[in-house]
Structure formats: C-alpha cells, structure tokens
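A.B. asks: Take this structure, written in structure tokens, and hold onto it; I'll ask about it next.
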Amino acid sequence: MSDGEKPDWRAANRARWDEAVGVHLAPGGYDLSDLRAGQGRLNWIEEDELGDVRGLRVLHLQCHFGRDTLTLAQRGAEVVGLDFSSAAIAAARALADDLGLGGRARFVEADLYDAPAAVAEPAAFDRVFVTWGAINWLPDIAEWARIVAHFLKPGGFLYLAEQHPAAFVFDDTAALPSGLPGYFVPYFSTEPLTFDNPRDYANPDATLLHATEHGWIHPLGSILSSLIDAGLALEYFKEHPSVTWRMFDCLVEDGRGGYRWPDKPWLPLAFSLKARKYSSKA
Ligand SMILES: C[S@@+](CC[C@H](N)C(=O)[O-])C[C@H]1O[C@@H](n2cnc3c(N)ncnc32)[C@H](O)[C@@H]1O
C-alpha cells in the first residue's frame, strides 16, 4: 500500500458505496429496463471495443451491483463479479436470481487487494473487465495491475475503460465565472484525495449521508507502466472526448449516451485500453 494511505479509507469508502447501492437501485438511479428485458447494454465505448464474450470466462473487478456483469452473462460469458460492498454483492446476487442468470454468474464480496484469496482461481479468466470509476478508489495501482495479471490466462486480456486522470484536476465546486470547472488538485498528486462529497453521480437529486470519500489520481504513465511491469502487453490505448456520466455540470450530451465539453474537445475525459497477458515471457 502507498505511504500516503489513510487508515480509515477503506471503511469510509465502503460505507459510501453501501449507501450508494440503495440510491442506484431506487427510482432515479440506474436504468435496468434493458437488462431486465434480456438485452443489457454497456456504454457505447465498451460496446464498440470489448468484442464477443460468448463462452469466455470474465472477471469483473469492482462490479458494483452487477449490472454490467450480468449484461456479459446474458451474452453467454461465465462471469465472476467482485466488489467490497456487501450491499452491492447482495443486490447483484438477487438480480442474478431474478434474471435467471445465477448459473452463469458468481459474485464475491471482497476488497480488491484480497481478490487472489477470495476468488482463488489464478490464470483462469479470458477477460478481466474494469470500467468507469474503479481504479480511482485504489491506493496502489502497481498491485492492482499484478492482481489483474494474476487472474488472466496466458493470452487473455484486460479491458479497462475509465475517466481520464487529466480530468481529475478539475472541480465543479471551484467553478470559473464561465461555468467551466476550476482547478482542484495537481495531476501528480501523491496524497490521497479526501473530501466530503454528498453528490451521487447517477442521481443528482440524491444526498449521500456517508459523504466522505478517499480517492487517488493515477497518472496515465503509472497505469501503463504498472500493466507492463505486471507482464501485460498493450494492444491499444485510446483517449475519448466524452465520458459516460455528467462528470462536470457544464458537460453536454454527446448523442451516444455520454457527455462532452460544451464547445471544443479541450481535454480527454476518458480513456480505454486493451492489455494482453503474454503467452510466455520473452
Ligand atoms: C463506480 S462503481 C463501478 C461502477 C460500475 N462500473 C458500474 O457501472 O456499475 C465503483 C465500485 O468500486 C467498488 N470499490 C471501491 N473500492 C473498492 C475496493 N477497495 N475493493 C473492492 N471494491 C471496491 C465500490 O463498492 C463500487 O461498487
């Protein structure tokens, strides 16, 4: 774990996520109608990039209450979802049963850093799937990358789609007179970012009581170097001018279910990559 780690980051973040699950399952939260109709959809970026998962074993790290995990199961993958929120895992299991996907979906309650012991299936997965608001909750990106590599079969790959770390330097609560977000923290912050944020990303009308959160900015160089050091080979890396939720108040709909800057694509808001585990190390 990093030196700057706060002793209570895990408990505070877990309490926040446990509460957020209730918000996301209530009216105004996540829309599950496609999933319940047997036609779950991912965001357009993953739809364009992930590829066919039929017959594949997929590990979804930080799976929340399993919407995307179960979408992949509906497409014929055999999935394992892992999350440290007991509320999220209970909801994921209930949803899997509701949808008749229990036979193809297993959900594990564990901290990401305990995943190797909790899942206990090394080198067993064709895909590790990690998306949208996951790695910013983790203090140690190098250890995360080693865990991803631990689970992949040789030749299997990580698919990662995330908010761009460059966008983390901005903050709506320090908005500029133009309405654009002001500056928040430096890109190369090494300390955890600890602040009170009662806003929920899915339901802007909700107010979270467990508002304290601890997060980390992982610069692109750290993410890519960590994956390479863990034995993965980058097959592509893309930057996107849109992100999948209204990350800042000034963002406008991009016409594909995401949000972009209002006038020009000033800076990337998201990135995605595919990194394959070597069949044998050269
Ligand atoms: C933004 S959500 C992921 C959202 C998911 N991509 C989706 O669209 O449903 C982040 C998830 O990370 C989980 N999480 C945060 N820190 C974690 C940790 N240390 N170990 C395991 N899960 C963690 C939270 O419980 C939460 O469900």
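All residue names refer to the structure tokens as shown: chains lettered A, B, ... in order, residues numbered from 1 in each chain, ligands numbered from 1 in order.
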I want to know what sits within 8 Å of stretch 259-268 of chain A, based on only C-alpha atoms, with residues of the same chain fewer than 4 positions away left out; could you give that as JSON, numbers by chain?
C.D. replies: {"A": [164, 166, 167, 239, 240, 241, 242, 243, 244, 245, 246, 247, 250, 251, 252, 253, 254]}
A.B. asks: Throw together the list of residues within 8 Å of ligand 1, counting only C-alpha atoms and all ligand atoms, and drop it here as a count of residues only.
C.D. replies: 32
A.B. asks: Please, which residues of stretch 78-201 of chain A, numbered as in this document, come out strand (DSSP E or B) from DSSP, as a PyMOL selection string?
C.D. replies: chain A and resi 78-83+105-109+125-131+152-163+170-171+182-183+193-196+199
A.B. asks: Quick one: distance from atom CA of A:Leu224 to atom CA of A:Leu269 in Å, one decimal?
C.D. replies: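 Answer for the atom CA of A:Leu224 to atom CA of A:Leu269 separation: 17.2 Å.
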A.B. asks: Counting only C-alpha atoms, what is within 7 Å of A:Phe151, bar same-chain residues fewer than 5 positions away, as a list in words?
C.D. replies: Glu121, Pro122, Ala123, Ala124 and Phe125 of chain A
A.B. asks: Given only C-alpha atoms as the basis, pick out the residue of A:Gly29, A:Trp44, A:Pro219, A:Ser225 nearest to A:Gly255.
C.D. replies: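 Distance minimum relative to A:Gly255 lands on A:Trp44.
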A.B. asks: Using atom CA of A:Glu46 and atom CA of A:Ala120 as the two end points, give the distance in Å to one decimal.
C.D. replies: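 So the answer is 27.0 Å.
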A.B. asks: Env of stretch 200-207 of chain A: 7 Å cut, atoms = only C-alpha atoms, seq-sep filter 4 positions within chain, self excluded. Answer as a PyMOL selection string.
C.D. replies: chain A and resi 24+28-30
A.B. asks: For those residues, write N, CA and C atoms to a file as a short mmCIF file (atom, residue, chain, number, x, y, z; two decimals), in the first residue's frame.
C.D. replies:
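Okay, this is what ended up in out-v8.cif:
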data_model
loop_
_atom_site.label_atom_id
_atom_site.label_comp_id
_atom_site.auth_asym_id
_atom_site.auth_seq_id
_atom_site.Cartn_x
_atom_site.Cartn_y
_atom_site.Cartn_z
N HIS A 24 -28.84 3.79 -6.18
CA HIS A 24 -28.77 3.36 -7.59
C HIS A 24 -29.87 2.38 -7.96
N GLY A 28 -34.78 6.91 -10.19
CA GLY A 28 -33.81 7.99 -10.37
C GLY A 28 -32.38 7.46 -10.41
N GLY A 29 -32.21 6.17 -10.11
CA GLY A 29 -30.87 5.57 -10.15
C GLY A 29 -30.58 4.94 -11.50
N TYR A 30 -29.98 3.75 -11.48
CA TYR A 30 -29.64 3.08 -12.74
C TYR A 30 -30.91 2.60 -13.45
#
A.B. asks: Find the residues near A:Gly179: any atom within 12 Å, counting only C-alpha atoms, skip ones fewer than 2 places away on the same chain, and give them as a ChimeraX atom specification.
C.D. replies: /A:171-177,181-182,248-251,261-262
A.B. asks: Could the residues in this selection be written to a file with C-alpha atoms, as a short mmCIF file (atom, residue, chain, number, x, y, z; two decimals), in the first residue's frame?
C.D. replies:
data_model
loop_
_atom_site.label_atom_id
_atom_site.label_comp_id
_atom_site.auth_asym_id
_atom_site.auth_seq_id
_atom_site.Cartn_x
_atom_site.Cartn_y
_atom_site.Cartn_z
CA ASP A 171 -13.65 20.61 -9.80
CA ASP A 172 -17.18 21.98 -10.14
CA THR A 173 -17.24 23.31 -6.61
CA ALA A 174 -14.47 25.71 -7.69
CA ALA A 175 -16.32 26.75 -10.88
CA LEU A 176 -14.97 29.60 -13.01
CA PRO A 177 -17.23 32.57 -13.94
CA PRO A 181 -14.91 23.81 -13.61
CA GLY A 182 -11.98 25.37 -11.74
CA PHE A 248 -18.95 18.24 -14.61
CA ASP A 249 -22.07 20.41 -14.64
CA CYS A 250 -21.02 22.13 -17.88
CA LEU A 251 -20.81 18.89 -19.91
CA TRP A 261 -17.28 19.53 -23.17
CA PRO A 262 -19.81 22.17 -24.33
#
A.B. asks: From the options A:Pro192, A:Gly258, A:Gly102, A:Pro186, which residue's atoms come nearest to A:Phe168, counting only C-alpha atoms?
C.D. replies: A:Pro186
A.B. asks: So how many Å separate atom CA of A:Ser272 and atom CA of A:Leu160, to one decimal?
C.D. replies: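 Pair atom CA of A:Ser272 / atom CA of A:Leu160 returns 5.5 Å.
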A.B. asks: As a PDB file with N, CA and C atoms, in the first residue's frame, please: the residues near stretch 226-235 of chain A (cut-off 6 Å, only C-alpha atoms, same-chain neighbours under 2 positions excluded).
C.D. replies:
ATOM      1  N   ALA A 142       0.128  -0.355  -8.893  1.00  0.00           N
ATOM      2  CA  ALA A 142       1.040  -1.436  -9.299  1.00  0.00           C
ATOM      3  C   ALA A 142       0.527  -2.784  -8.789  1.00  0.00           C
ATOM      4  N   ALA A 145      -2.417  -3.890 -10.847  1.00  0.00           N
ATOM      5  CA  ALA A 145      -2.019  -4.474 -12.138  1.00  0.00           C
ATOM      6  C   ALA A 145      -1.522  -5.909 -11.946  1.00  0.00           C
ATOM      7  N   ARG A 146      -0.793  -6.151 -10.855  1.00  0.00           N
ATOM      8  CA  ARG A 146      -0.319  -7.535 -10.602  1.00  0.00           C
ATOM      9  C   ARG A 146      -1.509  -8.470 -10.365  1.00  0.00           C
ATOM     10  N   SER A 222       1.675   5.969 -14.819  1.00  0.00           N
ATOM     11  CA  SER A 222       1.691   4.953 -13.756  1.00  0.00           C
ATOM     12  C   SER A 222       0.837   3.753 -14.151  1.00  0.00           C
ATOM     13  N   ILE A 223      -0.324   4.022 -14.727  1.00  0.00           N
ATOM     14  CA  ILE A 223      -1.228   2.926 -15.105  1.00  0.00           C
ATOM     15  C   ILE A 223      -0.546   2.041 -16.159  1.00  0.00           C
ATOM     16  N   LEU A 224      -0.024   2.684 -17.201  1.00  0.00           N
ATOM     17  CA  LEU A 224       0.565   1.906 -18.303  1.00  0.00           C
ATOM     18  C   LEU A 224       1.819   1.176 -17.843  1.00  0.00           C
ATOM     19  N   LYS A 274      -6.673  -2.009 -24.042  1.00  0.00           N
ATOM     20  CA  LYS A 274      -6.686  -3.476 -24.046  1.00  0.00           C
ATOM     21  C   LYS A 274      -5.248  -3.920 -23.827  1.00  0.00           C
ATOM     22  N   ALA A 275      -5.027  -4.768 -22.827  1.00  0.00           N
ATOM     23  CA  ALA A 275      -3.662  -5.205 -22.496  1.00  0.00           C
ATOM     24  C   ALA A 275      -3.683  -6.719 -22.312  1.00  0.00           C
ATOM     25  N   ARG A 276      -2.843  -7.402 -23.094  1.00  0.00           N
ATOM     26  CA  ARG A 276      -2.893  -8.870 -23.138  1.00  0.00           C
ATOM     27  C   ARG A 276      -1.762  -9.482 -22.330  1.00  0.00           C
ATOM     28  N   LYS A 277      -2.081 -10.546 -21.629  1.00  0.00           N
ATOM     29  CA  LYS A 277      -1.042 -11.258 -20.880  1.00  0.00           C
ATOM     30  C   LYS A 277      -0.223 -12.102 -21.858  1.00  0.00           C
TER      31      LYS A 277
END
A.B. asks: Can you pull out every residue from stretch 132-205 of chain A that DSSP, working from the backbone, puts in alpha helix (DSSP H), and format the result as a ChimeraX atom specification?
C.D. replies: /A:141-151
A.B. asks: For N, CA and C atoms, I'd like the residues from the last selection saved as a PDB file, in the first residue's frame.
C.D. replies:
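Full text of result.pdb as output:
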ATOM      1  N   ILE A 141      -1.662   1.260  -7.553  1.00  0.00           N
ATOM      2  CA  ILE A 141      -2.005   0.842  -8.917  1.00  0.00           C
ATOM      3  C   ILE A 141      -1.096  -0.293  -9.399  1.00  0.00           C
ATOM      4  N   ALA A 142       0.128  -0.355  -8.893  1.00  0.00           N
ATOM      5  CA  ALA A 142       1.040  -1.436  -9.299  1.00  0.00           C
ATOM      6  C   ALA A 142       0.527  -2.784  -8.789  1.00  0.00           C
ATOM      7  N   GLU A 143       0.038  -2.796  -7.558  1.00  0.00           N
ATOM      8  CA  GLU A 143      -0.502  -4.038  -7.000  1.00  0.00           C
ATOM      9  C   GLU A 143      -1.800  -4.428  -7.735  1.00  0.00           C
ATOM     10  N   TRP A 144      -2.613  -3.434  -8.064  1.00  0.00           N
ATOM     11  CA  TRP A 144      -3.823  -3.705  -8.849  1.00  0.00           C
ATOM     12  C   TRP A 144      -3.452  -4.406 -10.166  1.00  0.00           C
ATOM     13  N   ALA A 145      -2.417  -3.890 -10.847  1.00  0.00           N
ATOM     14  CA  ALA A 145      -2.019  -4.474 -12.138  1.00  0.00           C
ATOM     15  C   ALA A 145      -1.522  -5.909 -11.946  1.00  0.00           C
ATOM     16  N   ARG A 146      -0.793  -6.151 -10.855  1.00  0.00           N
ATOM     17  CA  ARG A 146      -0.319  -7.535 -10.602  1.00  0.00           C
ATOM     18  C   ARG A 146      -1.509  -8.470 -10.365  1.00  0.00           C
ATOM     19  N   ILE A 147      -2.535  -7.965  -9.697  1.00  0.00           N
ATOM     20  CA  ILE A 147      -3.737  -8.781  -9.446  1.00  0.00           C
ATOM     21  C   ILE A 147      -4.460  -9.086 -10.763  1.00  0.00           C
ATOM     22  N   VAL A 148      -4.571  -8.084 -11.616  1.00  0.00           N
ATOM     23  CA  VAL A 148      -5.182  -8.321 -12.935  1.00  0.00           C
ATOM     24  C   VAL A 148      -4.417  -9.426 -13.669  1.00  0.00           C
ATOM     25  N   ALA A 149      -3.087  -9.305 -13.699  1.00  0.00           N
ATOM     26  CA  ALA A 149      -2.260 -10.288 -14.414  1.00  0.00           C
ATOM     27  C   ALA A 149      -2.398 -11.674 -13.775  1.00  0.00           C
ATOM     28  N   HIS A 150      -2.491 -11.707 -12.457  1.00  0.00           N
ATOM     29  CA  HIS A 150      -2.627 -12.974 -11.723  1.00  0.00           C
ATOM     30  C   HIS A 150      -3.852 -13.764 -12.228  1.00  0.00           C
ATOM     31  N   PHE A 151      -4.930 -13.055 -12.535  1.00  0.00           N
ATOM     32  CA  PHE A 151      -6.172 -13.741 -12.897  1.00  0.00           C
ATOM     33  C   PHE A 151      -6.264 -14.115 -14.368  1.00  0.00           C
TER      34      PHE A 151
END
A.B. asks: Hey, what's within 6 Å of A:Gly156 if we count only C-alpha atoms and toss same-chain stuff fewer than 2 positions away? As a list in words, please?
C.D. replies: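 Near neighbours after the sequence-gap exclusion: Asp126, Arg127, Leu152, Lys153, Pro154, Arg276 and Lys277 of chain A.
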A.B. asks: Restricting the output to C-alpha atoms, write the selected residues as a PDB file, in the first residue's frame.
C.D. replies:
ATOM      1  CA  ASP A 126     -10.071 -14.900 -20.640  1.00  0.00           C
ATOM      2  CA  ARG A 127     -11.011 -11.333 -19.806  1.00  0.00           C
ATOM      3  CA  LEU A 152      -5.633 -13.706 -16.654  1.00  0.00           C
ATOM      4  CA  LYS A 153      -4.987 -16.845 -18.645  1.00  0.00           C
ATOM      5  CA  PRO A 154      -1.919 -16.516 -20.862  1.00  0.00           C
ATOM      6  CA  ARG A 276      -2.893  -8.870 -23.138  1.00  0.00           C
ATOM      7  CA  LYS A 277      -1.042 -11.258 -20.880  1.00  0.00           C
TER       8      LYS A 277
END
A.B. asks: So which one's closest to A:Leu32, A:Tyr187, A:Arg75, A:Leu50, A:Leu70? Using only C-alpha atoms, please.
C.D. replies: A:Leu70
